[in-house]
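J.: Handing over coords09.txt, compact mmCIF, C-alpha atoms.
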# COMPACT_ATOMS: atom_id res chain seq x y z
CA MET A 1 94.83 112.35 81.57
CA LYS A 2 92.90 114.80 83.73
CA VAL A 3 93.34 115.14 87.47
CA PHE A 4 90.45 113.47 89.30
CA HIS A 5 89.04 114.05 92.78
CA CYS A 6 86.56 112.17 94.91
CA ASP A 7 83.53 114.42 94.68
CA HIS A 8 82.49 113.34 98.17
CA CYS A 9 85.63 114.37 100.09
CA GLN A 10 87.85 116.02 97.40
CA GLN A 11 90.65 113.50 97.88
CA LEU A 12 92.89 113.08 94.83
CA VAL A 13 92.10 109.80 93.08
CA SER A 14 93.60 107.98 90.14
CA PHE A 15 91.93 106.81 86.95
CA GLU A 16 92.28 103.22 88.17
CA ASN A 17 90.77 103.68 91.66
CA THR A 18 87.68 101.69 92.67
CA HIS A 19 87.32 103.25 96.14
CA CYS A 20 88.38 106.52 97.72
CA VAL A 21 91.25 105.83 100.12
CA GLN A 22 90.10 108.67 102.39
CA CYS A 23 86.31 108.36 102.70
CA GLY A 24 85.85 104.81 101.39
CA HIS A 25 83.17 105.70 98.82
CA LYS A 26 82.76 103.50 95.77
CA LEU A 27 84.35 105.16 92.74
CA ALA A 28 83.80 104.53 89.05
CA TYR A 29 84.72 106.13 85.77
CA LEU A 30 81.64 107.58 84.06
CA PRO A 31 82.34 107.54 80.31
CA ASP A 32 79.39 109.78 79.46
CA LEU A 33 80.83 112.52 81.70
CA ARG A 34 84.52 111.56 81.29
CA GLU A 35 84.87 111.82 85.07
CA MET A 36 85.71 109.68 88.06
CA ALA A 37 82.79 109.92 90.49
CA SER A 38 81.66 108.60 93.85
CA LEU A 39 78.56 106.42 93.76
CA GLU A 40 75.79 105.79 96.27
CA PRO A 41 73.74 102.56 95.99
CA LEU A 42 70.02 102.97 95.41
CA PRO A 43 68.21 101.19 98.28
CA GLY A 44 66.32 98.08 97.23
CA VAL A 45 67.56 98.10 93.63
CA ALA A 46 70.27 95.58 92.76
CA ASN A 47 73.44 96.99 91.21
CA THR A 48 72.03 100.47 90.70
CA TRP A 49 73.98 103.48 91.81
CA ARG A 50 73.43 107.21 91.83
CA ALA A 51 76.28 109.52 90.84
CA ALA A 52 77.09 112.23 93.34
CA LEU A 53 78.08 114.48 90.42
CA ASP A 54 74.52 114.44 89.10
CA ALA A 55 71.73 112.93 91.18
CA LYS A 56 69.62 112.40 88.05
CA ARG A 57 72.14 109.97 86.57
CA THR A 58 72.09 106.33 87.58
CA TYR A 59 74.57 103.62 86.70
CA ARG A 60 75.26 99.91 86.92
CA LEU A 61 78.66 98.44 87.70
CA CYS A 62 80.28 96.49 84.89
CA ALA A 63 79.76 92.73 85.21
CA ASN A 64 83.54 92.29 85.20
CA ASP A 65 83.66 94.46 88.32
CA VAL A 66 80.79 92.67 90.04
CA THR A 67 82.14 89.18 89.27
CA HIS A 68 85.91 89.60 89.15
CA ASN A 69 86.78 93.04 90.62
CA VAL A 70 88.50 93.77 87.31
CA CYS A 71 86.79 96.90 85.93
CA ASN A 72 85.99 100.37 87.30
CA GLU A 73 83.94 101.78 84.40
CA ALA A 74 80.21 102.21 85.02
CA ILE A 75 77.32 101.75 82.59
CA PRO A 76 74.51 104.32 82.34
CA CYS A 77 71.29 102.58 83.38
CA HIS A 78 69.51 103.45 80.13
CA GLU A 79 71.97 101.18 78.27
CA PRO A 80 71.09 97.46 78.09
CA HIS A 81 74.63 96.08 78.38
CA GLU A 82 76.09 94.02 81.21
CA LEU A 83 79.64 94.99 80.28
CA CYS A 84 80.96 98.54 80.04
CA ALA A 85 82.02 100.04 76.71
CA SER A 86 85.67 99.19 77.33
CA CYS A 87 85.09 95.56 78.35
CA ARG A 88 82.79 95.01 75.35
CA LEU A 89 85.83 95.56 73.15
CA THR A 90 87.41 92.37 74.55
CA ARG A 91 86.14 89.20 72.93
CA VAL A 92 88.67 86.72 74.38
CA ILE A 93 89.87 86.82 77.99
CA PRO A 94 92.54 84.64 79.61
CA ASP A 95 91.63 81.27 81.13
CA LEU A 96 90.52 82.24 84.64
CA THR A 97 90.78 78.68 85.92
CA VAL A 98 94.49 79.53 86.08
CA PRO A 99 94.63 81.73 89.21
CA ALA A 100 97.65 83.72 88.03
CA ASN A 101 95.71 84.94 84.98
CA LEU A 102 93.20 87.07 86.90
CA PRO A 103 95.64 89.83 88.00
CA LEU A 104 97.22 89.82 84.53
CA TRP A 105 93.80 90.28 82.93
CA ALA A 106 93.05 93.12 85.34
CA LYS A 107 96.24 94.90 84.24
CA LEU A 108 95.33 94.40 80.58
CA GLU A 109 91.87 95.87 81.03
CA ALA A 110 93.22 98.83 83.03
CA ALA A 111 95.73 99.63 80.29
CA LYS A 112 93.00 99.31 77.65
CA ARG A 113 90.75 101.75 79.52
CA ARG A 114 93.59 104.28 79.60
CA LEU A 115 94.16 103.74 75.88
CA ILE A 116 90.48 104.40 75.14
CA TYR A 117 90.47 107.52 77.31
CA THR A 118 93.28 108.99 75.19
CA LEU A 119 91.69 107.90 71.91
CA HIS A 120 88.52 109.73 72.91
CA ALA A 121 90.60 112.74 74.00
CA VAL A 122 92.05 113.06 70.49
CA GLY A 123 88.67 112.48 68.84
CA CYS A 124 89.13 108.97 67.47
CA ALA A 125 86.02 106.84 67.09
CA VAL A 126 86.14 103.61 69.10
CA VAL A 127 83.57 101.14 67.78
CA ASN A 128 83.40 97.51 68.89
CA ARG A 129 83.14 94.48 66.64
CA THR A 130 79.52 93.78 67.59
CA ASP A 131 78.28 97.22 66.57
CA ASP A 132 80.39 97.23 63.39
CA PRO A 133 81.33 93.66 62.35
CA VAL A 134 83.34 94.90 59.37
CA HIS A 135 85.38 97.82 60.73
CA GLY A 136 84.96 97.50 64.48
CA LEU A 137 87.82 97.02 66.92
CA THR A 138 88.25 94.02 69.23
CA PHE A 139 90.88 92.56 71.57
CA GLU A 140 91.96 89.01 72.32
CA PHE A 141 94.07 88.36 75.44
CA LEU A 142 95.85 85.02 75.07
CA ALA A 143 98.48 83.01 76.92
CA ASP A 144 101.28 80.94 75.43
CA PRO A 145 100.29 77.25 75.13
CA ALA A 146 101.51 74.98 77.91
CA SER A 147 102.70 72.34 75.44
CA PRO A 148 106.48 72.42 74.92
CA GLY A 149 107.41 73.54 71.43
CA ALA A 150 103.95 74.94 70.63
CA PRO A 151 103.97 78.30 68.82
CA LYS A 152 103.97 81.30 71.13
CA VAL A 153 101.20 83.88 71.05
CA LEU A 154 102.12 86.88 68.91
CA THR A 155 101.10 90.35 69.96
CA GLY A 156 99.79 92.07 66.86
CA HIS A 157 96.97 93.53 64.79
CA ASP A 158 95.05 91.88 61.98
CA ASP A 159 92.16 93.75 60.35
CA GLY A 160 90.75 95.25 63.54
CA VAL A 161 91.61 92.30 65.83
CA ILE A 162 94.33 93.13 68.35
CA THR A 163 95.93 90.15 70.08
CA LEU A 164 98.02 90.62 73.21
CA ASN A 165 100.11 88.00 74.92
CA ILE A 166 99.12 88.19 78.58
CA ALA A 167 102.74 87.65 79.59
CA GLU A 168 103.24 91.33 78.75
CA ALA A 169 101.16 92.16 81.86
CA ASP A 170 103.74 90.40 84.05
CA ASP A 171 106.21 93.14 84.96
CA ALA A 172 109.16 90.79 85.50
CA GLU A 173 108.54 88.86 82.28
CA ARG A 174 108.08 92.05 80.26
CA GLU A 175 111.36 93.42 81.63
CA ARG A 176 113.13 90.18 80.74
CA ARG A 177 111.88 90.46 77.18
CA ARG A 178 112.79 94.15 77.01
CA VAL A 179 116.38 93.35 77.94
CA GLN A 180 116.51 90.32 75.65
CA MET A 181 115.32 92.37 72.69
CA HIS A 182 117.60 95.34 73.52
CA GLU A 183 114.70 97.74 73.82
CA PRO A 184 115.09 100.94 75.89
CA TYR A 185 111.35 101.16 76.48
CA ARG A 186 108.66 98.47 76.72
CA THR A 187 105.36 98.98 78.54
CA LEU A 188 101.97 97.31 78.54
CA LEU A 189 100.24 100.56 77.60
CA GLY A 190 102.82 101.05 74.86
CA HIS A 191 101.80 97.73 73.30
CA PHE A 192 98.18 98.82 73.24
CA ARG A 193 99.04 102.15 71.68
CA HIS A 194 101.29 100.59 69.07
CA GLU A 195 98.82 97.92 67.96
CA VAL A 196 95.86 100.29 67.81
CA GLY A 197 98.05 102.48 65.60
CA HIS A 198 97.87 99.77 62.92
CA TYR A 199 94.09 99.84 63.21
CA TYR A 200 93.87 103.62 62.77
CA PHE A 201 96.28 103.52 59.86
CA ASP A 202 93.66 101.47 58.03
CA ARG A 203 90.90 103.86 59.09
CA LEU A 204 92.63 107.22 58.63
CA VAL A 205 95.37 106.81 56.00
CA GLN A 206 95.08 103.69 53.85
CA ASP A 207 93.00 104.35 50.71
CA THR A 208 92.55 108.02 51.62
CA PRO A 209 93.96 111.21 50.06
CA ARG A 210 96.63 111.23 52.80
CA ILE A 211 98.36 108.08 51.55
CA ASP A 212 100.72 109.92 49.19
CA ALA A 213 101.88 112.29 51.92
CA PHE A 214 102.30 109.28 54.21
CA ARG A 215 104.58 107.55 51.68
CA GLU A 216 106.73 110.66 51.33
CA LEU A 217 107.40 110.69 55.08
CA PHE A 218 107.25 107.05 56.17
CA GLY A 219 108.00 105.15 52.97
CA ASP A 220 105.96 102.86 50.73
CA GLU A 221 103.88 100.48 52.84
CA ARG A 222 103.42 98.22 49.80
CA ALA A 223 106.96 96.88 50.37
CA ASP A 224 106.91 93.19 51.35
CA TYR A 225 106.08 93.19 55.05
CA GLY A 226 107.12 89.64 55.86
CA GLU A 227 110.51 90.06 54.21
CA ALA A 228 111.02 93.39 55.96
CA LEU A 229 110.48 91.79 59.39
CA LYS A 230 112.73 88.84 58.56
CA ARG A 231 115.46 91.29 57.59
CA HIS A 232 114.93 93.33 60.75
CA TYR A 233 115.14 90.36 63.12
CA ALA A 234 118.12 88.91 61.25
CA ASP A 235 120.17 92.08 60.75
CA GLY A 236 118.73 94.64 63.16
CA ALA A 237 117.99 98.26 62.36
CA PRO A 238 120.28 100.40 60.19
CA ALA A 239 123.05 102.09 62.16
CA ASP A 240 121.56 105.52 61.48
CA TRP A 241 117.94 104.64 62.36
CA GLN A 242 117.79 107.33 65.03
CA ALA A 243 118.20 110.03 62.40
CA ARG A 244 114.77 109.19 60.93
CA HIS A 245 112.73 107.11 63.38
CA VAL A 246 111.44 107.19 66.96
CA SER A 247 112.68 103.63 67.60
CA SER A 248 114.81 100.98 65.97
CA TYR A 249 111.73 98.81 65.34
CA ALA A 250 110.15 101.71 63.44
CA ALA A 251 112.89 101.28 60.83
CA SER A 252 111.69 97.78 59.90
CA HIS A 253 108.75 98.80 57.65
CA PRO A 254 106.55 101.87 57.03
CA TRP A 255 103.62 100.21 58.83
CA GLU A 256 105.78 99.79 61.92
CA ASP A 257 107.16 103.29 61.58
CA TRP A 258 103.59 104.62 61.65
CA ALA A 259 102.58 102.42 64.61
CA GLU A 260 105.64 103.33 66.67
CA THR A 261 105.19 107.02 65.90
CA TRP A 262 101.46 106.79 66.66
CA ALA A 263 102.22 105.24 70.06
CA HIS A 264 104.79 107.96 70.70
CA TYR A 265 102.20 110.61 69.83
CA LEU A 266 99.64 109.15 72.25
CA ASN A 267 102.33 109.00 74.95
CA MET A 268 103.06 112.65 74.29
CA VAL A 269 99.50 114.02 74.37
CA ASP A 270 98.52 111.95 77.42
CA THR A 271 101.58 113.05 79.41
CA LEU A 272 101.23 116.69 78.38
CA GLU A 273 97.55 116.71 79.38
CA THR A 274 98.45 115.23 82.76
CA ALA A 275 101.24 117.78 83.33
CA ALA A 276 98.92 120.64 82.38
CA ALA A 277 96.12 119.34 84.58
CA CYS A 278 98.59 119.23 87.49
CA GLY A 279 99.51 122.86 86.83
CA LEU A 280 103.09 122.01 85.94
CA SER A 281 105.15 124.78 84.38
CA LEU A 282 108.85 124.46 83.59
CA ARG A 283 111.32 127.25 83.04
CA PRO A 284 114.69 125.64 82.27
CA LYS A 285 117.81 127.70 82.88
CA ASP A 286 119.07 126.84 79.41
CA ALA A 287 117.80 129.72 77.27
CA ALA A 288 117.79 127.47 74.23
CA MET A 289 115.16 125.19 75.78
CA PRO A 290 111.57 126.47 75.54
CA THR A 291 109.39 126.92 78.59
CA MET A 292 106.71 124.27 79.00
CA LYS A 293 103.34 125.95 78.89
CA ALA A 294 100.56 124.44 80.98
CA ALA A 295 97.60 124.34 78.61
CA PRO A 296 94.85 121.98 79.73
CA GLY A 297 92.05 121.09 77.38
CA ASP A 298 91.70 119.39 74.03
CA PRO A 299 95.24 118.45 72.89
CA ILE A 300 94.13 118.36 69.26
CA ALA A 301 93.01 121.99 69.44
CA ARG A 302 96.59 123.06 70.14
CA PRO A 303 99.00 123.70 67.26
CA PHE A 304 101.53 120.92 66.93
CA GLY A 305 104.35 123.41 67.43
CA ASP A 306 103.03 124.16 70.91
CA LEU A 307 102.85 120.47 71.78
CA ILE A 308 106.39 119.65 70.73
CA ALA A 309 107.78 122.84 72.32
CA SER A 310 106.21 121.81 75.62
CA TRP A 311 107.35 118.21 75.24
CA TYR A 312 111.10 118.85 75.30
CA PRO A 313 111.33 120.54 78.71
CA LEU A 314 108.82 118.09 80.19
CA THR A 315 110.89 115.06 79.15
CA TYR A 316 114.00 116.76 80.53
CA ALA A 317 112.24 117.14 83.88
CA LEU A 318 110.90 113.57 83.82
CA ASN A 319 114.34 112.08 83.17
CA SER A 320 115.98 114.33 85.75
CA LEU A 321 113.43 113.26 88.37
CA SER A 322 113.96 109.60 87.44
CA ARG A 323 117.71 109.91 87.85
CA GLY A 324 117.17 111.62 91.19
CA LEU A 325 115.22 108.54 92.29
CA GLY A 326 117.97 106.26 91.01
CA VAL A 327 115.94 104.65 88.25
CA ALA A 328 116.33 104.54 84.49
CA ASP A 329 115.13 107.42 82.31
CA VAL A 330 111.38 107.20 81.80
CA TYR A 331 111.84 108.80 78.36
CA PRO A 332 114.88 107.12 76.74
CA PHE A 333 114.40 108.75 73.33
CA VAL A 334 116.09 111.34 71.16
CA VAL A 335 113.57 112.54 68.58
CA SER A 336 115.14 113.69 65.31
CA ALA A 337 113.71 116.38 63.03
CA PRO A 338 112.33 113.80 60.51
CA ALA A 339 110.64 111.92 63.39
CA VAL A 340 109.10 115.19 64.57
CA GLU A 341 107.61 115.69 61.11
CA LYS A 342 106.08 112.22 61.32
CA LEU A 343 104.56 113.14 64.67
CA ARG A 344 103.22 116.31 63.06
CA PHE A 345 101.67 114.24 60.27
CA ILE A 346 99.86 112.08 62.84
CA HIS A 347 98.67 115.16 64.74
CA GLU A 348 97.25 116.66 61.54
CA THR A 349 95.72 113.34 60.47
CA VAL A 350 93.91 112.95 63.79
CA ALA A 351 92.88 116.61 63.94
CA ASN A 352 91.34 116.47 60.46
CA GLN A 353 89.81 113.00 60.49
CA PRO A 354 86.35 112.69 58.94
CA ALA A 355 83.41 112.19 61.28
CA THR A 356 82.41 109.05 59.37
CA THR A 357 85.84 107.39 59.52
CA LEU A 358 84.52 103.94 60.32
CA ALA A 359 81.19 103.86 58.54
CA SER A 360 82.20 105.32 55.20
CA LYS A 361 84.99 102.96 54.18
CA PRO A 362 84.25 99.78 52.20
CA ALA A 363 85.51 96.41 53.35
CA GLU A 364 89.20 95.90 52.58
CA ALA A 365 91.17 92.87 51.62
CA ALA A 366 93.03 91.31 54.54
CA LYS A 367 96.72 92.12 54.82
CA PRO A 368 99.45 90.28 56.72
CA THR A 369 99.21 90.42 60.50
CA ALA A 370 101.38 93.14 61.99
CA ALA A 371 102.89 91.00 64.74
CA ARG A 372 105.98 90.98 66.91
CA VAL A 373 107.56 87.83 68.23
CA LEU A 374 107.49 87.99 72.03
CA SER A 375 110.10 85.38 72.87
Before we go any further, please render this structure as structure tokens.
T.:
Amino acid sequence: MKVFHCDHCQQLVSFENTHCVQCGHKLAYLPDLREMASLEPLPGVANTWRAALDAKRTYRLCANDVTHNVCNEAIPCHEPHELCASCRLTRVIPDLTVPANLPLWAKLEAAKRRLIYTLHAVGCAVVNRTDDPVHGLTFEFLADPASPGAPKVLTGHDDGVITLNIAEADDAERERRRVQMHEPYRTLLGHFRHEVGHYYFDRLVQDTPRIDAFRELFGDERADYGEALKRHYADGAPADWQARHVSSYAASHPWEDWAETWAHYLNMVDTLETAAACGLSLRPKDAAMPTMKAAPGDPIARPFGDLIASWYPLTYALNSLSRGLGVADVYPFVVSAPAVEKLRFIHETVANQPATTLASKPAEAAKPTAARVLS
């Protein structure tokens, strides 16, 4: 993530801001410029705003912002849509007659916008289900049924449809589930990154020349998925999972190994871009630990060796800062050499993806939903 400033007063602003806390100007993310910008309303024209960055550009606020104060992504006025590009990816929202669902939905949409920002940063096409009914991506945000004993909503991916249980946007509930499932790390953004990993496996690896190399590193994805998950939830991960995988769940099946590693990769490139944009440079006293090099710009343009060499000292600093604040490590992982090679494979897959990833592939037969029980 880049560092953003209010272009009216130069105050630092976050990707999620809707107003500048210093000058009060309306802020929005402009996807065509990949910038946060202050907006000035055009007199006499409903919901039409001029960007201070470029006076020739005009925008409308997303309908989800106007109606629900949920979104902060603007729509260029030449586009006919009422919803921004990010919100158009969502085809099912929570029941807003339940008051508690509105803030949960807002958190879901904010995490999704951050996901899309990183996907664009690494060059992945993001096409919605309306524009591409066969290979497009869409999200459904659902709540568990109120009826006792009714099946719970599963967070998962099924042929381009990503379902998220809105309970994951409740910080206390997500932490309860993290502890219950003995997970060292569980975040809302992490769920998005994991599930979209399944989608890009279908687009970038399955039925492509890279599938054989994938199977050498991750294993054969044709192994029975349902049986693999039953075995994982019954017996847990192998004792030596950390020697080959980024997480214990990654050991359950090659599809999950890919998705967990994909999420880890997106965590890595997003955090490194943010550190570089902030001008962070680390020179650890331990001579064996490489210096983190601040290198803003396209993360895919950097050799993977540079990314991973910068990652180690950064995670050391992040965990040290966390401990200084008296909170748990923000990066509770030890990445083995085989897991690093899987990360390298993802980096190379993304860096060399074809420009026609979505349009060129024929329709595929449905496969079992990649879902995790969130109980």
J.: Neighbourhood query: residues within 6 Å of (92.6, 88.9, 73.2), file coordinates, counting only C-alpha atoms; return as a list in words.
T.: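 Protein and nucleic acid residues near the point are Val92, Ile93, Phe139, Glu140, Phe141, Leu142, Thr163 and Leu164 of chain A.
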J.: Grab the residues selected above and save them as an mmCIF file, in the coordinates of the input with C-alpha atoms.
T.:
data_model
loop_
_atom_site.group_PDB
_atom_site.id
_atom_site.type_symbol
_atom_site.label_atom_id
_atom_site.label_comp_id
_atom_site.auth_asym_id
_atom_site.auth_seq_id
_atom_site.Cartn_x
_atom_site.Cartn_y
_atom_site.Cartn_z
ATOM 1 C CA VAL A 92 88.670 86.720 74.380
ATOM 2 C CA ILE A 93 89.870 86.820 77.990
ATOM 3 C CA PHE A 139 90.880 92.560 71.570
ATOM 4 C CA GLU A 140 91.960 89.010 72.320
ATOM 5 C CA PHE A 141 94.070 88.360 75.440
ATOM 6 C CA LEU A 142 95.850 85.020 75.070
ATOM 7 C CA THR A 163 95.930 90.150 70.080
ATOM 8 C CA LEU A 164 98.020 90.620 73.210
#
J.: In Å, with one decimal, what is the gap from CA of Asp212 (chain A) to CA of Tyr199 (chain A)?
T.: 18.5 Å
J.: So how many Å separate CA of Pro133 (chain A) and CA of Arg203 (chain A), to one decimal?
T.: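 About the pair CA of Pro133 (chain A) and CA of Arg203 (chain A): they are 14.4 Å apart.
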J.: Using only C-alpha atoms, which residue out of A:Tyr185, A:Trp105, A:Phe304, A:Tyr200 lies closest to Val126 (chain A)?
T.: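 With only C-alpha atoms as the atom set, the closest residue is A:Tyr200.
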J.: Would you mind telling me which residue in A:Pro338, A:Gly190, A:Pro303, A:Gly279 lies nearest to Leu217 (chain A) when using all atoms listed in the file?
T.: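 The closest residue to Leu217 (chain A) is A:Pro338.
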J.: So which residues touch Val161 (chain A) within 12 Å, counting only C-alpha atoms, skipping near sequence neighbours fewer than 2 positions away, as a PyMOL selection string?
T.: chain A and resi 89-92+128-129+133-141+155-159+163-164+192+195-196+198-200+366+369-371
J.: So, with all atoms listed in the file as the atoms that count, which of A:Thr130, A:Asn319, A:Thr261, A:Thr97 lies closest to His194 (chain A)?
T.: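 Under the stated criterion, the closest residue is A:Thr261.
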J.: Give me, please, the distance in Å between CA of Tyr117 (chain A) and CA of Leu104 (chain A), quoted to one decimal.
T.: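 Straight-line distance from CA of Tyr117 (chain A) to CA of Leu104 (chain A) works out to 20.3 Å.
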J.: Quick one: of A:Gly326, A:Pro184, A:Pro254, A:Pro41, who's nearest to Phe201 (chain A), counting only C-alpha atoms?
T.: A:Pro254
J.: Skip Leu53 (chain A) itself and residues of its chain fewer than 3 positions away, then list as a short mmCIF file (atom, residue, chain, number, x, y, z; two decimals) with C-alpha atoms, in the frame of the given file all residues within 8 Å of it, counting only C-alpha atoms.
T.:
data_model
loop_
_atom_site.label_atom_id
_atom_site.label_comp_id
_atom_site.auth_asym_id
_atom_site.auth_seq_id
_atom_site.Cartn_x
_atom_site.Cartn_y
_atom_site.Cartn_z
CA ASP A 7 83.53 114.42 94.68
CA ALA A 37 82.79 109.92 90.49
CA SER A 38 81.66 108.60 93.85
#
J.: Could you name the residues that touch Val45 (chain A) at 12 Å or less, counting all atoms listed in the file, but leaving out those on the same chain fewer than 4 positions away, as number ranges by chain?
T.: A: 40-41, 49-50, 58-60, 77
J.: Select, from A:Leu12, A:Leu307, A:Ala51, A:Leu96, the residue with the minimum atom-to-atom distance to Thr67 (chain A), counting all atoms listed in the file.
T.: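 Using all atoms listed in the file, Thr67 (chain A) sits closest to A:Leu96.
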J.: Using only C-alpha atoms, pick whichever of A:Ser252, A:Phe15, A:Pro238, A:Pro332 has the shortest atom-to-atom distance to Tyr225 (chain A).
T.: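 Result for the nearest residue to Tyr225 (chain A): A:Ser252.
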